Amino acid sequence: MMDKIRQDFPILSRKINGKPLVYLDNAATSQKPKAVLDMLVHYYTKHNANVHRGVHTLSQEATEEYELARKVVGNFVGVKDTGEIIFVKNATEALNLIAYSWGRNNISKNDEIVVTVAEHHSNFVVWQQLARENGAVLKVVPVDENGEVDPVAFKKAITSRTKLVSFFHVSNVLGTVNDVRRLSTIAHRLSPKAVVIVDGAQAVPHMKVDIAKIGCDFYVFTGHKMLGPTGIGVLWGRRELLEKMPPFLFGGDMISKVSLSGTSWNELPWKFEAGTPDAAAAVGLMAAVEYLEKIGMDKVREHEVELTRYAIKKLSAIPEVEIYGPLPRHSELDSESRSRNEFGMTNRAGVISFNVGPIHAHDVASILDAEGIAIRSGHHCAQPLMNFLGIESAARVSFYIYNTKEEVDKFIAGIEKVISIFKPKLTRIVSPNVSEYSHNNGRRIRI
C-alpha cells in the first residue's frame with residue numbers, strides 16, 4: 001500500500017544534494033499526487049474557459065467542473081449547502097474575508113475578540129488589527145504545556161461583550177488537536193451573540209472533519225496542505241451570516257445587476273467570488289479530495305499517529321532534544337499492545353516541533369537539508385506562541401500519507417549528525433556533573 005502511494009508522488013523520486021528526498025515539511029505544504037497533476041493538465045487541455053461567463057461549450061464545461069468541485073469539497077467536510085462553500089486563495093484570505101465583511105460591520109468599540117496565544121499569524125494578526133481599527137478589546141487565552149486551550153482561562157475570557165471567538169483546530173507548531181466542538185459550545189453558551197471561527201488548515205488534510213457537528217459559525221482551510229494546488233482555499237460560513245455580509249471584493253460575477261444608480265449582489269456563494277476564479281485549482285482540489293477519500297481519512301490519521309509515535313520515541317531517546325507539545329509517557333511509547341490512537345496521540349497530529357540544545361533551528365535544518373531531508377525551521381508564523389514557550393524558534397517535522405518509518409530513521413540519523421557537528425559547543429554548555437535535561441512523564445524539560 002505504502003509503495004503504491006509513494007509511486008503516486010513524482011517529486012519523491014528527486015534527489016537533494018545527491019540523496020533521496022525525505023520530505024517532512026507537510027504542515028507548510030504537501031506534495032501533489034499524479035491524480036491532481038493529471039487533473040490540472042486535463043482541465044487546461046480539455047475544458048479551459050472562463051466560468052459563469054459564456055454559453056459556448058467550453059465555458060459551460062468549465063463551469064460544471066468548477067461547481068462540481070464545490071460540491072465534492074463540501075461533502076468532504078460534511079457541508080450539504082454548496083452556497084455556504086466559498087472558494088478563496090487560502091485560509092489566510094478566508095479569515096481576512098470574515099474580518100472585512102463581518103468584522104468591520106459587527107465589531108464596535110469595547111467589544112471583545114477572543115483568540116489563543118497558539119494561533120498562526122493569519123488567525124491572530126487579522127483580529128489584532130480589527131480590534132485596533134474598531135476600538136475593540138483583544139483577549140488572548142493561554143494554553144497549557146500540551147498546547148491545549150486552558151478551559152478556565154477560556155471561560156473567563158468570554159463575557160457578554162464578546163462578539164468573536166477564533167481558535168485553531170490543530171496547532172501548526174505543537175500539533176495539538178483542540179476539542180473544537182466543546183470550545184464552540186462553551187463560547188456560544190457564554191456569549192450567544194458571538195460568532196465562532198475555527199482555523200482548520202492543519203486539520204482537514206489529516207483527519208475526518210464534519211463541520212456540521214462542530215457547532216462553529218465559520219470554518220476555514222486551504223488546498224495546498226491537503227495534496228491540492230496552491231492558490232485555492234475554502235471558507236465555510238452559516239448561510240444566515242453570509243447572506244447579511246457585504247462582498248469582500250467588487251467586480252465581475254459577484255454582481256446581480258449594475259446601473260448608474262447602484263449595484264445589487266449575486267447569490268451565494270458567488271457574491272464573494274469576484275473576478276475570474278482559479279477554476280483549475282478548484283478542480284485540482286477536487287481531485288485531491290477524491291484521492292484522500294479513496295485512501296480513507298481514518299487510515300490517513302492512523303498512519304500519521306503511528307509515524308508520530310515512532311518519531312517521538314526516537315527523539316525522546318536523544319538527551320539534547322527538547323520536544324514541544326503533547327507527549328505520551330515512556331511506558332506508553334514502549335507498549336506495542338495498545339491501540340494506535342492511544343499513547344497521548346488522540347490530542348496530537350503529525351507535527352513535532354523541537355530544538356537541539358542551544359543549536360539554532362536554521363542550523364539544524366541546513367544540516368538536514370544536506371542529507372536530503374526537508375524540515376521547517378523558524379517561528380512558524382506563530383511568534384506569540386514562541387514567546388509564550390520562551391524560545392525564538394524551533395525545528396519542525398510534519399508527516400503525511402507518503403512518509404515512512406525508514407524516513408523517520410533517516411531524520412533521526414540526521415539529528416545525530418547535527419549533534420556530532422556541534423558536539424564541542426554542546427559539551428561546553430552542559431556540565432558533566434549536572435544534566436541540563438530530565439524526563440517528566442515523557443516530557444523533556446529544562447532544569
# chains A, B, ... in the order shown; residues from 1 in each chain; ligands from 1
>>> residues_around(residues="A:Glu267", least_positions_apart="6", cutoff="10 Å", atoms="only C-alpha atoms", output="list in words")
Gly83, Glu243, Asp253, Met254, Ile255 and Ser256 of chain A
>>> closest_atom_pairs(of="stretch 8-102 of chain A", to="stretch 368-392 of chain A", cutoff="9 Å", atoms="only C-alpha atoms", output="JSON lines")
{"residue": "A:Lys15", "atom": "CA", "partner": "A:Gly372", "partner_atom": "CA", "distance": 6.9}
{"residue": "A:Ile16", "atom": "CA", "partner": "A:Gly372", "partner_atom": "CA", "distance": 4.7}
{"residue": "A:Asn17", "atom": "CA", "partner": "A:Ala370", "partner_atom": "CA", "distance": 5.9}
{"residue": "A:Gly18", "atom": "CA", "partner": "A:Gly372", "partner_atom": "CA", "distance": 7.5}
{"residue": "A:Lys19", "atom": "CA", "partner": "A:Gly372", "partner_atom": "CA", "distance": 5.3}
{"residue": "A:Pro20", "atom": "CA", "partner": "A:Gly372", "partner_atom": "CA", "distance": 6.0}
{"residue": "A:Leu21", "atom": "CA", "partner": "A:Gly372", "partner_atom": "CA", "distance": 5.0}
{"residue": "A:Val22", "atom": "CA", "partner": "A:Ile373", "partner_atom": "CA", "distance": 4.6}
{"residue": "A:Tyr23", "atom": "CA", "partner": "A:Ala374", "partner_atom": "CA", "distance": 5.0}
{"residue": "A:Leu24", "atom": "CA", "partner": "A:Ile375", "partner_atom": "CA", "distance": 5.2}
{"residue": "A:Asp25", "atom": "CA", "partner": "A:Ile375", "partner_atom": "CA", "distance": 4.9}
{"residue": "A:Asn26", "atom": "CA", "partner": "A:Ile375", "partner_atom": "CA", "distance": 8.6}
{"residue": "A:Ala27", "atom": "CA", "partner": "A:Arg376", "partner_atom": "CA", "distance": 8.7}
{"residue": "A:Ala28", "atom": "CA", "partner": "A:Arg376", "partner_atom": "CA", "distance": 7.7}
>>> select_by_dssp(residues="stretch 24-273 of chain A", states="strand (DSSP E)", output="number ranges by chain")
A: 85-88, 112-116, 137-141, 162-168, 195-199, 218-222, 233-237, 255-259, 262-265
>>> write_last_selection(atoms="N, CA and C atoms", output="compact mmCIF listing (two decimals), in the first residue's frame")
# COMPACT_ATOMS: atom_id res chain seq x y z
N ILE A 85 -20.16 27.20 0.70
CA ILE A 85 -18.75 26.92 0.40
C ILE A 85 -18.22 28.02 -0.53
N ILE A 86 -17.35 28.86 0.01
CA ILE A 86 -16.76 29.96 -0.75
C ILE A 86 -15.33 29.59 -1.11
N PHE A 87 -15.01 29.64 -2.40
CA PHE A 87 -13.63 29.40 -2.82
C PHE A 87 -12.83 30.69 -2.69
N VAL A 88 -11.68 30.59 -2.05
CA VAL A 88 -10.76 31.72 -1.85
C VAL A 88 -9.35 31.25 -2.21
N GLU A 112 -15.43 42.61 22.46
CA GLU A 112 -14.30 41.74 22.75
C GLU A 112 -14.09 40.68 21.67
N ILE A 113 -12.82 40.47 21.35
CA ILE A 113 -12.40 39.41 20.42
C ILE A 113 -11.50 38.47 21.20
N VAL A 114 -11.80 37.18 21.18
CA VAL A 114 -11.04 36.20 21.95
C VAL A 114 -10.31 35.25 21.01
N VAL A 115 -8.99 35.14 21.20
CA VAL A 115 -8.17 34.20 20.43
C VAL A 115 -7.25 33.48 21.43
N THR A 116 -6.45 32.55 20.93
CA THR A 116 -5.48 31.89 21.81
C THR A 116 -4.07 32.34 21.44
N VAL A 137 -11.53 45.12 22.16
CA VAL A 137 -10.55 44.58 23.10
C VAL A 137 -10.16 43.17 22.65
N LEU A 138 -8.87 42.96 22.44
CA LEU A 138 -8.38 41.64 22.04
C LEU A 138 -7.94 40.88 23.30
N LYS A 139 -8.56 39.76 23.55
CA LYS A 139 -8.20 38.91 24.68
C LYS A 139 -7.47 37.66 24.17
N VAL A 140 -6.32 37.37 24.77
CA VAL A 140 -5.51 36.24 24.34
C VAL A 140 -5.50 35.18 25.44
N VAL A 141 -6.01 34.01 25.12
CA VAL A 141 -6.12 32.92 26.09
C VAL A 141 -4.85 32.06 26.03
N THR A 162 -18.33 39.77 24.40
CA THR A 162 -17.57 39.01 23.39
C THR A 162 -18.39 38.87 22.12
N LYS A 163 -17.83 39.30 21.01
CA LYS A 163 -18.53 39.23 19.73
C LYS A 163 -17.89 38.22 18.77
N LEU A 164 -16.63 37.86 19.01
CA LEU A 164 -15.93 36.97 18.09
C LEU A 164 -14.95 36.11 18.87
N VAL A 165 -14.97 34.81 18.60
CA VAL A 165 -14.04 33.87 19.22
C VAL A 165 -13.42 33.04 18.10
N SER A 166 -12.10 32.99 18.04
CA SER A 166 -11.44 32.27 16.95
C SER A 166 -10.29 31.43 17.51
N PHE A 167 -10.21 30.18 17.07
CA PHE A 167 -9.16 29.30 17.57
C PHE A 167 -8.82 28.24 16.53
N PHE A 168 -7.64 27.63 16.70
CA PHE A 168 -7.17 26.61 15.77
C PHE A 168 -7.83 25.27 16.06
N VAL A 195 -19.77 35.12 17.26
CA VAL A 195 -19.52 34.16 16.20
C VAL A 195 -18.25 33.40 16.54
N VAL A 196 -18.24 32.12 16.19
CA VAL A 196 -17.10 31.26 16.48
C VAL A 196 -16.46 30.85 15.16
N ILE A 197 -15.15 31.06 15.08
CA ILE A 197 -14.38 30.77 13.87
C ILE A 197 -13.34 29.70 14.20
N VAL A 198 -13.22 28.71 13.33
CA VAL A 198 -12.23 27.65 13.52
C VAL A 198 -11.27 27.65 12.33
N ASP A 199 -9.98 27.72 12.64
CA ASP A 199 -8.93 27.61 11.62
C ASP A 199 -8.61 26.13 11.46
N PHE A 218 -18.02 29.83 11.36
CA PHE A 218 -17.14 29.88 10.19
C PHE A 218 -16.05 28.83 10.36
N TYR A 219 -15.63 28.24 9.25
CA TYR A 219 -14.53 27.27 9.28
C TYR A 219 -13.72 27.49 8.01
N VAL A 220 -12.39 27.53 8.16
CA VAL A 220 -11.54 27.81 7.00
C VAL A 220 -10.47 26.73 6.86
N PHE A 221 -10.11 26.44 5.61
CA PHE A 221 -8.99 25.54 5.34
C PHE A 221 -8.43 25.83 3.96
N THR A 222 -7.32 25.18 3.63
CA THR A 222 -6.61 25.51 2.40
C THR A 222 -6.25 24.26 1.62
N GLY A 233 -8.44 27.82 -1.56
CA GLY A 233 -8.79 27.56 -0.17
C GLY A 233 -10.29 27.63 -0.04
N VAL A 234 -10.79 27.38 1.16
CA VAL A 234 -12.23 27.31 1.38
C VAL A 234 -12.63 28.07 2.63
N LEU A 235 -13.67 28.85 2.49
CA LEU A 235 -14.35 29.46 3.64
C LEU A 235 -15.75 28.86 3.70
N TRP A 236 -16.06 28.24 4.81
CA TRP A 236 -17.43 27.84 5.07
C TRP A 236 -18.02 28.80 6.09
N GLY A 237 -19.26 29.22 5.85
CA GLY A 237 -19.95 30.07 6.81
C GLY A 237 -21.43 29.72 6.82
N ILE A 255 -21.88 40.31 -9.04
CA ILE A 255 -22.99 41.25 -9.17
C ILE A 255 -24.23 40.54 -9.71
N SER A 256 -25.38 41.12 -9.38
CA SER A 256 -26.63 40.69 -9.98
C SER A 256 -27.04 41.65 -11.08
N LYS A 257 -26.95 42.94 -10.76
CA LYS A 257 -27.29 43.97 -11.74
C LYS A 257 -26.53 45.24 -11.43
N VAL A 258 -26.02 45.89 -12.45
CA VAL A 258 -25.29 47.15 -12.30
C VAL A 258 -25.97 48.22 -13.12
N SER A 259 -26.20 49.36 -12.51
CA SER A 259 -26.73 50.52 -13.21
C SER A 259 -25.98 51.75 -12.76
N GLY A 262 -26.70 52.32 -9.01
CA GLY A 262 -26.34 51.38 -7.96
C GLY A 262 -26.12 49.98 -8.48
N THR A 263 -25.77 49.08 -7.56
CA THR A 263 -25.46 47.69 -7.91
C THR A 263 -26.09 46.77 -6.88
N SER A 264 -26.59 45.64 -7.35
CA SER A 264 -27.09 44.60 -6.45
C SER A 264 -26.19 43.38 -6.58
N TRP A 265 -26.15 42.57 -5.52
CA TRP A 265 -25.19 41.49 -5.46
C TRP A 265 -25.76 40.16 -5.91
>>> select_by_dssp(residues="stretch 34-265 of chain A", states="helix (DSSP H, G or I)", output="ChimeraX atom specification")
/A:34-47,57-76,82-84,91-106,121-123,125-134,151-157,180-190,211-214,239-244
>>> write_last_selection(atoms="C-alpha atoms", output="tab-separated table (two decimals), in the first residue's frame")
chain	number	residue	atom	x	y	z
A	34	LYS	CA	-0.29	12.33	-10.14
A	35	ALA	CA	-4.07	12.31	-9.89
A	36	VAL	CA	-4.01	16.03	-9.07
A	37	LEU	CA	-1.34	16.87	-11.62
A	38	ASP	CA	-3.19	14.91	-14.30
A	39	MET	CA	-6.45	16.67	-13.44
A	40	LEU	CA	-4.81	20.07	-13.90
A	41	VAL	CA	-3.46	19.04	-17.30
A	42	HIS	CA	-6.83	17.54	-18.26
A	43	TYR	CA	-8.70	20.70	-17.31
A	44	TYR	CA	-6.36	23.02	-19.20
A	45	THR	CA	-6.23	20.81	-22.28
A	46	LYS	CA	-9.92	19.87	-22.45
A	47	HIS	CA	-12.13	22.37	-20.63
A	57	THR	CA	-19.41	24.61	-24.81
A	58	LEU	CA	-16.05	25.15	-23.14
A	59	SER	CA	-17.43	27.77	-20.76
A	60	GLN	CA	-20.31	25.51	-19.81
A	61	GLU	CA	-17.96	22.58	-19.22
A	62	ALA	CA	-15.58	24.69	-17.14
A	63	THR	CA	-18.49	25.96	-15.06
A	64	GLU	CA	-19.77	22.44	-14.48
A	65	GLU	CA	-16.33	21.25	-13.35
A	66	TYR	CA	-15.91	24.25	-11.05
A	67	GLU	CA	-19.30	23.82	-9.39
A	68	LEU	CA	-18.83	20.06	-9.12
A	69	ALA	CA	-15.59	20.75	-7.25
A	70	ARG	CA	-17.54	22.91	-4.80
A	71	LYS	CA	-19.99	20.08	-4.16
A	72	VAL	CA	-17.27	17.44	-3.73
A	73	VAL	CA	-15.25	19.61	-1.35
A	74	GLY	CA	-18.37	20.49	0.63
A	75	ASN	CA	-19.34	16.84	1.03
A	76	PHE	CA	-15.80	16.06	2.19
A	82	THR	CA	-22.93	24.37	-1.59
A	83	GLY	CA	-23.90	28.02	-1.26
A	84	GLU	CA	-22.01	28.01	2.04
A	91	ALA	CA	-7.14	30.09	4.67
A	92	THR	CA	-5.49	33.48	5.21
A	93	GLU	CA	-7.74	35.12	2.66
A	94	ALA	CA	-10.75	33.36	4.17
A	95	LEU	CA	-10.01	34.85	7.60
A	96	ASN	CA	-9.47	38.29	6.11
A	97	LEU	CA	-12.78	37.98	4.26
A	98	ILE	CA	-14.54	37.34	7.56
A	99	ALA	CA	-12.75	40.28	9.17
A	100	TYR	CA	-13.64	42.71	6.40
A	101	SER	CA	-17.16	41.56	5.58
A	102	TRP	CA	-18.40	40.54	9.02
A	103	GLY	CA	-15.94	42.03	11.49
A	104	ARG	CA	-15.87	45.61	10.28
A	105	ASN	CA	-19.65	45.74	10.33
A	106	ASN	CA	-20.28	43.96	13.62
A	121	HIS	CA	-0.36	34.73	12.48
A	122	SER	CA	-3.19	34.52	9.95
A	123	ASN	CA	-5.62	33.87	12.79
A	125	VAL	CA	-2.87	39.49	13.25
A	126	VAL	CA	-6.17	39.87	11.40
A	127	TRP	CA	-8.09	40.11	14.68
A	128	GLN	CA	-5.41	42.24	16.31
A	129	GLN	CA	-5.74	44.78	13.52
A	130	LEU	CA	-9.54	44.64	13.54
A	131	ALA	CA	-9.53	45.35	17.27
A	132	ARG	CA	-7.25	48.36	16.77
A	133	GLU	CA	-9.30	49.73	13.89
A	134	ASN	CA	-12.66	49.38	15.62
A	151	PRO	CA	-10.51	25.84	29.83
A	152	VAL	CA	-10.65	28.05	32.91
A	153	ALA	CA	-8.95	30.97	31.17
A	154	PHE	CA	-11.10	30.40	28.08
A	155	LYS	CA	-14.31	30.64	30.08
A	156	LYS	CA	-13.10	33.70	31.97
A	157	ALA	CA	-12.19	35.47	28.75
A	180	VAL	CA	-13.34	22.41	18.81
A	181	ARG	CA	-16.87	21.19	19.42
A	182	ARG	CA	-16.51	21.73	23.17
A	183	LEU	CA	-14.92	25.15	22.72
A	184	SER	CA	-17.66	26.21	20.28
A	185	THR	CA	-20.34	25.10	22.73
A	186	ILE	CA	-18.74	26.99	25.61
A	187	ALA	CA	-18.34	30.17	23.54
A	188	HIS	CA	-21.94	30.15	22.34
A	189	ARG	CA	-23.27	29.40	25.81
A	190	LEU	CA	-21.35	32.21	27.49
A	211	ILE	CA	-18.20	20.88	10.16
A	212	ALA	CA	-21.89	20.35	10.86
A	213	LYS	CA	-21.01	18.60	14.13
A	214	ILE	CA	-18.59	21.25	15.39
A	239	ARG	CA	-25.86	30.88	5.29
A	240	GLU	CA	-27.72	33.30	7.56
A	241	LEU	CA	-24.44	35.09	8.32
A	242	LEU	CA	-23.14	35.05	4.75
A	243	GLU	CA	-26.44	36.43	3.45
A	244	LYS	CA	-26.10	39.52	5.66
>>> residues_around(residues="A:Asp3", least_positions_apart="6", cutoff="12 Å", atoms="only C-alpha atoms", output="ChimeraX atom specification")
/A:9,12,401-404
>>> atom_distance(atom1="atom CA of A:Pro205", atom2="atom CA of A:Gly78")
14.1 Å
>>> residues_around(residues="A:Pro326", least_positions_apart="6", cutoff="8 Å", atoms="only C-alpha atoms", output="ChimeraX atom specification")
/A:145-147,174-176,344-345,347-348
